[in-house]
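Student: Contents of query-v3.cif (mmCIF, C-alpha atoms and all ligand atoms) are below:
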```
data_entry
loop_
_atom_site.label_atom_id
_atom_site.label_comp_id
_atom_site.auth_asym_id
_atom_site.auth_seq_id
_atom_site.Cartn_x
_atom_site.Cartn_y
_atom_site.Cartn_z
CA MET S 1 60.96 18.22 71.40
CA THR S 2 63.82 20.54 70.46
CA VAL S 3 62.89 22.34 67.24
CA LEU S 4 65.80 23.87 65.35
CA PRO S 5 65.47 26.36 62.50
CA ALA S 6 66.25 25.26 58.93
CA THR S 7 69.57 27.17 58.90
CA MET S 8 70.81 24.81 61.62
CA LEU S 9 69.77 21.70 59.72
CA ASP S 10 72.04 22.66 56.81
CA ALA S 11 75.14 23.04 59.00
CA ALA S 12 77.60 20.15 59.20
CA HIS S 13 78.04 20.66 62.96
CA ARG S 14 76.02 22.26 65.70
CA LEU S 15 77.28 24.37 68.56
CA LEU S 16 75.37 25.67 71.56
CA ILE S 17 76.88 28.80 73.12
CA LEU S 18 75.62 29.58 76.60
CA GLY S 19 75.78 33.33 76.51
CA GLY S 20 74.72 36.55 78.18
CA THR S 21 78.18 38.16 78.03
CA GLY S 22 80.14 40.28 75.59
CA GLU S 23 82.58 37.38 75.22
CA ALA S 24 79.79 35.05 74.08
CA ALA S 25 78.72 37.52 71.40
CA ASP S 26 82.34 38.10 70.29
CA LEU S 27 82.80 34.33 70.16
CA ALA S 28 79.77 33.85 67.87
CA ASP S 29 81.18 36.55 65.56
CA ALA S 30 84.60 34.91 65.54
CA ILE S 31 83.22 31.41 64.88
CA GLN S 32 81.12 32.71 62.01
CA SER S 33 84.19 34.39 60.47
CA ARG S 34 86.46 31.35 60.96
CA PHE S 35 84.10 28.47 60.14
CA GLY S 36 81.23 30.05 58.17
CA ALA S 37 78.21 27.82 57.56
CA ARG S 38 80.14 24.71 58.59
CA ILE S 39 79.09 25.30 62.19
CA GLY S 40 75.49 26.16 63.00
CA ILE S 41 75.43 28.28 66.15
CA VAL S 42 72.64 28.63 68.69
CA THR S 43 73.29 31.22 71.39
CA SER S 44 71.23 30.70 74.52
CA LEU S 45 70.33 33.61 76.80
CA ALA S 46 68.60 33.60 80.17
CA GLY S 47 66.38 36.48 79.07
CA ARG S 48 67.57 39.06 81.60
CA THR S 49 68.55 41.67 78.98
CA GLU S 50 65.86 43.53 77.09
CA HIS S 51 67.96 44.37 74.03
CA PRO S 52 70.62 41.68 73.62
CA ARG S 53 73.32 42.19 71.01
CA VAL S 54 72.53 40.67 67.62
CA VAL S 55 74.87 37.74 66.92
CA PRO S 56 75.33 35.37 63.97
CA GLY S 57 73.30 32.16 64.10
CA GLU S 58 70.13 31.48 66.03
CA ARG S 59 69.10 32.70 69.45
CA ARG S 60 66.99 30.97 72.09
CA ILE S 61 65.85 32.70 75.25
CA GLY S 62 64.94 31.42 78.71
CA GLY S 63 66.05 28.73 81.15
CA PHE S 64 66.08 25.10 80.05
CA GLY S 65 64.45 23.85 83.25
CA GLY S 66 67.57 22.32 84.80
CA PRO S 67 70.32 19.95 83.69
CA GLN S 68 68.09 17.07 82.62
CA GLU S 69 66.13 19.31 80.27
CA LEU S 70 69.32 20.87 78.94
CA SER S 71 70.67 17.39 78.31
CA ARG S 72 67.50 16.51 76.44
CA TYR S 73 67.78 19.74 74.41
CA LEU S 74 71.34 18.80 73.42
CA ARG S 75 70.41 15.27 72.42
CA GLU S 76 67.27 16.19 70.50
CA GLY S 77 69.02 19.08 68.78
CA ARG S 78 71.99 16.80 67.97
CA PHE S 79 74.49 19.33 69.18
CA ASP S 80 78.13 18.43 68.67
CA PHE S 81 79.61 20.85 71.20
CA VAL S 82 78.79 23.35 73.90
CA ILE S 83 80.76 26.43 74.86
CA ASP S 84 79.84 27.85 78.24
CA ALA S 85 80.60 31.55 77.79
CA THR S 86 78.37 32.72 80.63
CA HIS S 87 79.42 35.25 83.25
CA PRO S 88 81.81 33.90 85.92
CA PHE S 89 79.12 34.55 88.57
CA ALA S 90 76.45 32.57 86.67
CA ALA S 91 77.30 29.40 88.61
CA LYS S 92 73.97 27.62 88.27
CA ILE S 93 73.84 27.44 84.49
CA SER S 94 77.52 26.44 84.36
CA ALA S 95 76.91 23.53 86.77
CA SER S 96 73.85 22.61 84.74
CA ALA S 97 75.93 22.63 81.54
CA ARG S 98 78.55 20.34 83.04
CA ILE S 99 75.97 17.79 84.21
CA ALA S 100 73.97 17.99 80.97
CA CYS S 101 77.00 17.66 78.68
CA ASP S 102 78.34 14.70 80.68
CA ALA S 103 74.94 12.99 80.44
CA ALA S 104 74.50 13.71 76.72
CA ARG S 105 78.22 13.01 75.99
CA VAL S 106 78.65 16.37 74.31
CA PRO S 107 82.12 17.99 74.53
CA ARG S 108 82.02 21.21 76.56
CA LEU S 109 84.44 24.12 76.81
CA VAL S 110 84.32 26.78 79.51
CA LEU S 111 85.32 30.21 78.22
CA ILE S 112 86.40 31.88 81.44
CA ARG S 113 87.82 35.35 82.01
CA PRO S 114 91.29 35.30 83.58
CA ALA S 115 91.07 36.26 87.26
CA TRP S 116 92.37 39.70 88.22
CA GLN S 117 95.80 39.80 89.82
CA ARG S 118 96.43 42.00 92.83
CA ASP S 119 99.05 44.73 92.44
CA PRO S 120 101.05 45.79 95.55
CA LYS S 121 99.35 49.20 95.29
CA ASP S 122 95.85 47.68 95.38
CA ARG S 123 93.78 47.97 98.55
CA TRP S 124 91.48 45.00 97.95
CA PHE S 125 89.17 43.42 100.49
CA GLU S 126 87.84 40.11 99.21
CA VAL S 127 84.52 38.97 100.66
CA GLU S 128 82.16 36.07 100.04
CA ASP S 129 79.00 37.99 99.17
CA ALA S 130 77.12 41.30 99.25
CA GLN S 131 76.11 40.78 102.92
CA SER S 132 79.77 40.61 103.93
CA ALA S 133 80.53 43.65 101.75
CA ALA S 134 77.77 45.61 103.52
CA LYS S 135 79.32 44.83 106.92
CA LEU S 136 82.71 46.13 105.77
CA ILE S 137 81.63 49.34 103.97
CA PRO S 138 81.18 51.59 107.05
CA ASP S 139 84.83 50.94 108.04
CA LEU S 140 86.03 52.14 104.64
CA GLY S 141 83.89 55.14 103.73
CA LYS S 142 80.53 56.81 103.16
CA LEU S 143 80.39 57.47 99.41
CA VAL S 144 80.24 54.11 97.72
CA PHE S 145 80.46 53.19 94.02
CA VAL S 146 78.63 49.89 93.48
CA THR S 147 78.82 47.76 90.32
CA VAL S 148 77.57 44.40 91.60
CA GLY S 149 74.26 44.22 89.70
CA ARG S 150 70.71 44.95 90.85
CA ARG S 151 70.12 41.58 92.50
CA ALA S 152 72.97 42.09 94.99
CA LEU S 153 71.91 45.57 96.23
CA ALA S 154 69.45 44.67 99.02
CA PRO S 155 72.09 44.16 101.77
CA PHE S 156 73.18 47.81 101.37
CA ALA S 157 69.74 49.15 102.36
CA GLY S 158 70.61 49.04 106.08
CA LEU S 159 73.66 51.30 105.73
CA THR S 160 71.96 54.54 106.74
CA GLY S 161 75.23 56.50 106.96
CA CYS S 162 76.24 55.77 103.36
CA TRP S 163 75.36 57.11 99.90
CA PHE S 164 75.63 54.96 96.78
CA LEU S 165 76.52 55.57 93.16
CA ILE S 166 75.01 52.51 91.48
CA ARG S 167 75.98 51.55 87.93
CA LEU S 168 73.90 49.00 86.02
CA VAL S 169 74.07 47.93 82.37
CA GLU S 170 70.30 48.35 81.89
CA ARG S 171 67.56 50.30 83.61
CA PRO S 172 66.10 47.79 86.09
CA LYS S 173 62.46 46.69 85.80
CA ASP S 174 62.13 46.47 89.60
CA PRO S 175 62.80 49.40 91.93
CA ILE S 176 66.25 49.79 93.48
CA PRO S 177 65.92 48.48 97.06
CA LEU S 178 67.36 51.66 98.63
CA PRO S 179 65.70 54.93 99.73
CA ASN S 180 65.62 57.44 96.82
CA ASN S 181 67.74 60.03 98.60
CA ARG S 182 70.56 57.57 99.27
CA TYR S 183 71.62 56.70 95.74
CA GLU S 184 72.07 57.83 92.17
CA LEU S 185 71.68 55.37 89.31
CA ILE S 186 73.90 55.39 86.22
CA VAL S 187 72.89 53.13 83.34
CA ALA S 188 75.90 52.44 81.14
CA ARG S 189 77.50 49.49 79.41
CA GLY S 190 81.28 49.17 79.31
CA PRO S 191 84.01 48.76 78.44
CA PHE S 192 85.11 52.03 80.07
CA ALA S 193 88.50 53.71 79.86
CA VAL S 194 90.57 54.06 83.04
CA GLY S 195 90.49 57.85 82.69
CA GLU S 196 86.67 57.84 82.47
CA GLU S 197 86.40 55.65 85.56
CA ARG S 198 88.83 57.83 87.46
CA ALA S 199 86.95 61.01 86.50
CA LEU S 200 83.66 59.46 87.62
CA MET S 201 85.06 58.46 91.00
CA GLU S 202 86.61 61.88 91.48
CA ARG S 203 83.41 63.70 90.47
CA TYR S 204 81.39 61.80 93.08
CA ARG S 205 84.23 61.86 95.65
CA ILE S 206 83.96 58.12 96.00
CA ASP S 207 85.52 56.60 99.14
CA VAL S 208 85.16 52.93 98.26
CA LEU S 209 84.33 50.74 95.26
CA VAL S 210 82.29 47.54 95.57
CA ALA S 211 82.55 45.17 92.59
CA LYS S 212 82.33 41.54 91.61
CA ALA S 213 85.72 39.86 91.06
CA SER S 214 84.62 38.97 87.54
CA GLY S 215 88.10 39.07 85.98
CA GLY S 216 88.86 39.85 82.34
CA ILE S 217 89.73 43.13 80.68
CA ALA S 218 86.24 44.45 79.86
CA THR S 219 85.47 45.63 83.41
CA GLU S 220 88.99 46.03 84.78
CA ALA S 221 89.31 49.80 84.25
CA LYS S 222 87.47 50.69 87.46
CA LEU S 223 90.01 48.69 89.48
CA LEU S 224 92.91 50.42 87.76
CA ALA S 225 91.27 53.79 88.45
CA ALA S 226 90.77 52.87 92.12
CA ARG S 227 94.45 51.87 92.28
CA GLU S 228 95.50 55.24 90.83
CA LEU S 229 93.32 57.04 93.37
CA GLY S 230 94.44 54.82 96.26
CA LEU S 231 90.83 53.81 96.97
CA PRO S 232 89.83 50.64 98.79
CA VAL S 233 87.94 48.06 96.72
CA ILE S 234 85.60 45.43 98.15
CA LEU S 235 85.55 42.48 95.77
CA LEU S 236 82.90 39.78 95.87
CA SER S 237 84.81 36.52 95.31
CA ARG S 238 83.89 34.71 92.15
CA PRO S 239 82.70 31.11 92.29
CA ALA S 240 85.19 28.42 91.28
CA PRO S 241 84.71 27.60 87.59
CA GLU S 242 83.19 24.26 86.71
CA PRO S 243 85.83 21.63 86.00
CA GLY S 244 86.53 20.74 82.40
CA GLU S 245 88.40 22.10 79.41
CA MET S 246 88.93 25.85 79.60
CA ALA S 247 89.83 28.72 77.33
CA GLU S 248 90.74 32.18 78.57
CA ASN S 249 90.16 33.98 75.29
CA ILE S 250 88.42 33.69 71.95
CA GLY S 251 91.57 32.49 70.16
CA GLN S 252 91.89 29.53 72.53
CA ALA S 253 88.21 28.73 72.06
CA LEU S 254 88.62 28.72 68.27
CA ASP S 255 91.61 26.38 68.63
CA TRP S 256 89.52 24.03 70.76
CA LEU S 257 86.73 24.03 68.16
CA THR S 258 89.24 23.30 65.41
CA ARG S 259 90.53 20.29 67.36
CA MET S 260 86.95 19.12 67.99
CA LEU S 261 86.09 19.41 64.30
CA GLU S 262 89.18 17.47 63.29
CA ARG S 263 88.19 14.75 65.74
CA LEU S 264 84.58 14.67 64.53
CA ASP S 265 85.54 14.65 60.87
CA GLU S 266 87.59 11.52 61.47
CA ILE S 267 84.43 9.75 62.58
CA PRO S 268 81.77 9.15 59.91
CA PRO S 269 78.54 11.02 60.80
CA ALA S 270 75.88 8.91 62.53
CA ARG S 271 73.04 11.26 61.59
CA THR S 272 70.08 9.97 59.55
P1 LIG L 301 72.59 31.54 87.02
O1 LIG L 301 72.28 31.92 88.42
O2 LIG L 301 73.73 30.64 86.75
O3 LIG L 301 71.32 30.91 86.31
C1 LIG L 301 70.02 30.92 86.83
C2 LIG L 301 69.16 30.20 85.84
O4 LIG L 301 68.95 31.00 84.68
C3 LIG L 301 69.77 28.91 85.34
O5 LIG L 301 69.54 27.85 86.22
C4 LIG L 301 69.09 28.74 83.99
O6 LIG L 301 67.76 28.25 84.12
C5 LIG L 301 68.96 30.17 83.52
N1 LIG L 301 70.08 30.59 82.68
C6 LIG L 301 71.20 31.27 83.05
N2 LIG L 301 71.96 31.53 82.00
C7 LIG L 301 71.33 30.99 80.92
C8 LIG L 301 71.63 30.95 79.54
N3 LIG L 301 72.72 31.52 79.04
N4 LIG L 301 70.73 30.30 78.73
C9 LIG L 301 69.62 29.74 79.22
N5 LIG L 301 69.28 29.76 80.53
C10 LIG L 301 70.14 30.39 81.36
O7 LIG L 301 72.81 32.84 86.13
P2 LIG L 301 72.63 34.39 86.50
O8 LIG L 301 73.72 34.80 87.39
O9 LIG L 301 71.21 34.60 86.86
O10 LIG L 301 72.92 35.03 85.07
C11 LIG L 301 71.95 34.93 84.04
C12 LIG L 301 72.59 35.28 82.72
O11 LIG L 301 73.11 36.61 82.79
C13 LIG L 301 73.75 34.35 82.36
O12 LIG L 301 73.54 33.92 81.04
C14 LIG L 301 74.99 35.20 82.48
O13 LIG L 301 75.93 34.93 81.47
C15 LIG L 301 74.45 36.63 82.37
N6 LIG L 301 75.18 37.57 83.26
C16 LIG L 301 75.26 37.33 84.59
C17 LIG L 301 75.97 38.20 85.41
C18 LIG L 301 76.12 37.94 86.88
O14 LIG L 301 76.77 38.75 87.55
N7 LIG L 301 75.57 36.87 87.42
C19 LIG L 301 76.57 39.33 84.85
C20 LIG L 301 76.46 39.56 83.46
C21 LIG L 301 75.75 38.67 82.69
P3 LIG L 301 67.40 26.69 84.04
O15 LIG L 301 67.95 26.08 85.28
O16 LIG L 301 65.91 26.71 83.95
O17 LIG L 301 68.03 26.14 82.79
#
```
Could you quickly redo this structure as C-alpha cells?
Tutor:
Amino acid sequence: MTVLPATMLDAAHRLLILGGTGEAADLADAIQSRFGARIGIVTSLAGRTEHPRVVPGERRIGGFGGPQELSRYLREGRFDFVIDATHPFAAKISASARIACDAARVPRLVLIRPAWQRDPKDRWFEVEDAQSAAKLIPDLGKLVFVTVGRRALAPFAGLTGCWFLIRLVERPKDPIPLPNNRYELIVARGPFAVGEERALMERYRIDVLVAKASGGIATEAKLLAARELGLPVILLSRPAPEPGEMAENIGQALDWLTRMLERLDEIPPART
C-alpha cells in the first residue's frame, strides 16, 4: 500500500517527479514557486546518489519493482500527473513510466534535454555503446578524457596503450575497473565553464573525449572546449525518448502543468 505523508494529503493535486537529474530538482523548485501548496510533489530517486540535492516536497528512494508496481503506486497514491525528468540514458525507468501511466490513466510529461547539434568544426564520432567507443579510441589517441559514468568504464580496461582521465559526479563505491596506473579520477559535479573544460583538457594533454550524447546545456561545455581545441569526441548515442508529451525546459513543463490543472479543475474531484 502506498503511504503518503500528511503534507501530500493536504495538497489539491499530486505530482510524481521521476528524478535523479539537476533538471528534476530545478523543476521541483519551480513548481513550488509557481503553484505553492496546491500541488503536492513527490520526487522519486533510484538511490544511486549518496547526497541528493534537497528539493521541495517529499522524496522516495529506490526502484518501484517494474511498471506494474509503479502503476499501483500511482493509483494508490492518487497521483494526478507524472513528470519523467530522468536522465536521457535512463531508458528503463522511462519505459516503465510510460507503461505505468498508460495503465493507471495518469497524464505523463517527459522533460527531455534538447539533443546537441553538430557544428561544422566538430569532430564527432557517434557510437552505440561503450564497447564500440573502446574499439575506436586507439585510432584517435592515447590520452582519453572519459565522462560516461562508472558503469560504462569496463570496456576500456583492455586498451593497454591508453591512459584515462575519468570524471565522475561522486566517488564510486566500487573500484574503477582499470589498472591503477592507467587512470586518474576526478570527482566533480558540473555545470563547468568552457574555459575550465578547455584548461583541464590542455593540462592533461587530452587527445580524445568520450562522453554520452546527453544533450542540454549543463554538460555541453566539454564539447565546446573540444571544438575549440579541435579534439575528436566519441559520443555514445542516446536512446530514443519514450513517446508522449514532451517539454524541453522547465518553462514548458510549467505550462503543461498549468494546462493539466485547468483540465482537472473543470472536473469535480472524485476523491473520498
Ligand atoms: P534505468 O536504467 O532507467 O533504471 C534502472 C532501474 O532503476 C529502473 O528500472 C527502476 O527500478 C530504477 N529507477 C531508475 N530511476 C528511478 C527513479 N527516478 N525513481 C525510482 N526508481 C528508479 O536508470 P539508470 O540509468 O540506472 O539511472 C538511475 C537514475 O540515475 C535515474 O533516476 C537517472 O535520472 C539518474 N541518472 C542517470 C544517468 C545515466 O547516465 N544513466 C546519469 C545521471 C543521472 P524499478 O524497475 O524497480 O522501478
Student: Take every atom of region 202-206 of chain S listed in the file, fit an axis-aligned box around them, add 4 Å per side, and give the centre and edge lengths in Å to one decimal as lines of an AutoDock Vina configuration file.
Tutor:
```
center_x = 84.0
center_y = 60.9
center_z = 93.2
size_x = 13.2
size_y = 13.6
size_z = 13.5
```
Student: Once you count only C-alpha atoms and all ligand atoms, which residues end up within 8 Å of ligand LIG 301 (chain L), and could you hand them over as a ChimeraX atom specification?
Tutor: /S:17-21,43-49,60-67,69-70,85-96,148-149,212,214
Student: Go ahead and compute the interatomic distance for CA of Arg198 (chain S) and CA of Gly230 (chain S), in Å to one decimal.
Tutor: 10.9 Å
Student: For Arg167 (chain S), please output as a PDB file with C-alpha atoms, in the coordinates of the input all residues within 7 Å (counting all atoms listed in the file; exclusion window: fewer than 2 positions along the same chain).
Tutor:
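File written: result_26.pdb
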```
ATOM      1  CA  VAL S 146      78.630  49.890  93.480  1.00  0.00           C
ATOM      2  CA  THR S 147      78.820  47.760  90.320  1.00  0.00           C
ATOM      3  CA  LEU S 165      76.520  55.570  93.160  1.00  0.00           C
ATOM      4  CA  VAL S 169      74.070  47.930  82.370  1.00  0.00           C
ATOM      5  CA  LEU S 185      71.680  55.370  89.310  1.00  0.00           C
ATOM      6  CA  ILE S 186      73.900  55.390  86.220  1.00  0.00           C
ATOM      7  CA  VAL S 187      72.890  53.130  83.340  1.00  0.00           C
ATOM      8  CA  ALA S 188      75.900  52.440  81.140  1.00  0.00           C
TER       9      ALA S 188
END
```
Student: Compare S:Pro175, S:Pro232, S:Gly244, S:Pro239 by their minimum atom-to-atom distance to Lys121 (chain S), counting all atoms listed in the file, and give me the closest one.
Tutor: S:Pro232
Student: Neighbours of Glu128 (chain S) within 8 Å (all atoms listed in the file; same-chain residues fewer than 5 positions away dropped), as a list of chain:residue names?
Tutor: S:Ala133, S:Leu236, S:Ser237
Student: I'd like the neighbourhood of region 104-110 of chain S as a VMD selection string, where a residue qualifies if any of its atoms comes within 7 Å (using only C-alpha atoms), though same-chain residues fewer than 3 positions away should be ignored.
Tutor: chain S and resid 71 74 to 75 80 to 85 100 to 101 244 to 247
Student: Out of S:His13, S:Phe79, S:Arg98, S:Ile166, which residue has the shortest atom-to-atom distance to Glu242 (chain S) when counting only C-alpha atoms?
Tutor: S:Arg98
Student: Go through S:Arg38, S:Trp116, S:Asp26, S:Arg123 and flag the residue nearest Leu261 (chain S), using all atoms listed in the file for the distances.
Tutor: S:Arg38
Student: Would you pick out the contacts of Ile31 (chain S) at 9 Å or less, using only C-alpha atoms, so that residues sharing its chain but fewer than 4 positions from it are not included, and give the list as an MDAnalysis selection string?
Tutor: chainID S and resid 26:27 35:36 39 41 56 254 257
Student: Quote the spacing between CA of Ala199 (chain S) and CA of Glu184 (chain S) in Å to one decimal place.
Tutor: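 Interatomic distance, CA of Ala199 (chain S) to CA of Glu184 (chain S): 16.2 Å.
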Student: To one decimal place in Å, what is the distance between CA of Ala12 (chain S) and CA of Ala37 (chain S)?
Tutor: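 Separation between CA of Ala12 (chain S) and CA of Ala37 (chain S): 7.9 Å.
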Student: Between S:Glu196, S:Glu170, S:Glu202, S:Glu228, which one has atoms that come closest to His51 (chain S), using only C-alpha atoms?
Tutor: S:Glu170
Student: Check the smallest atom-to-atom distance from each of S:Glu50, S:Phe192, S:Arg34, S:Asp29 to Lys173 (chain S) using only C-alpha atoms, then report the winner.
Tutor: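 Checking each candidate against Lys173 (chain S), we get S:Glu50 as the closest.
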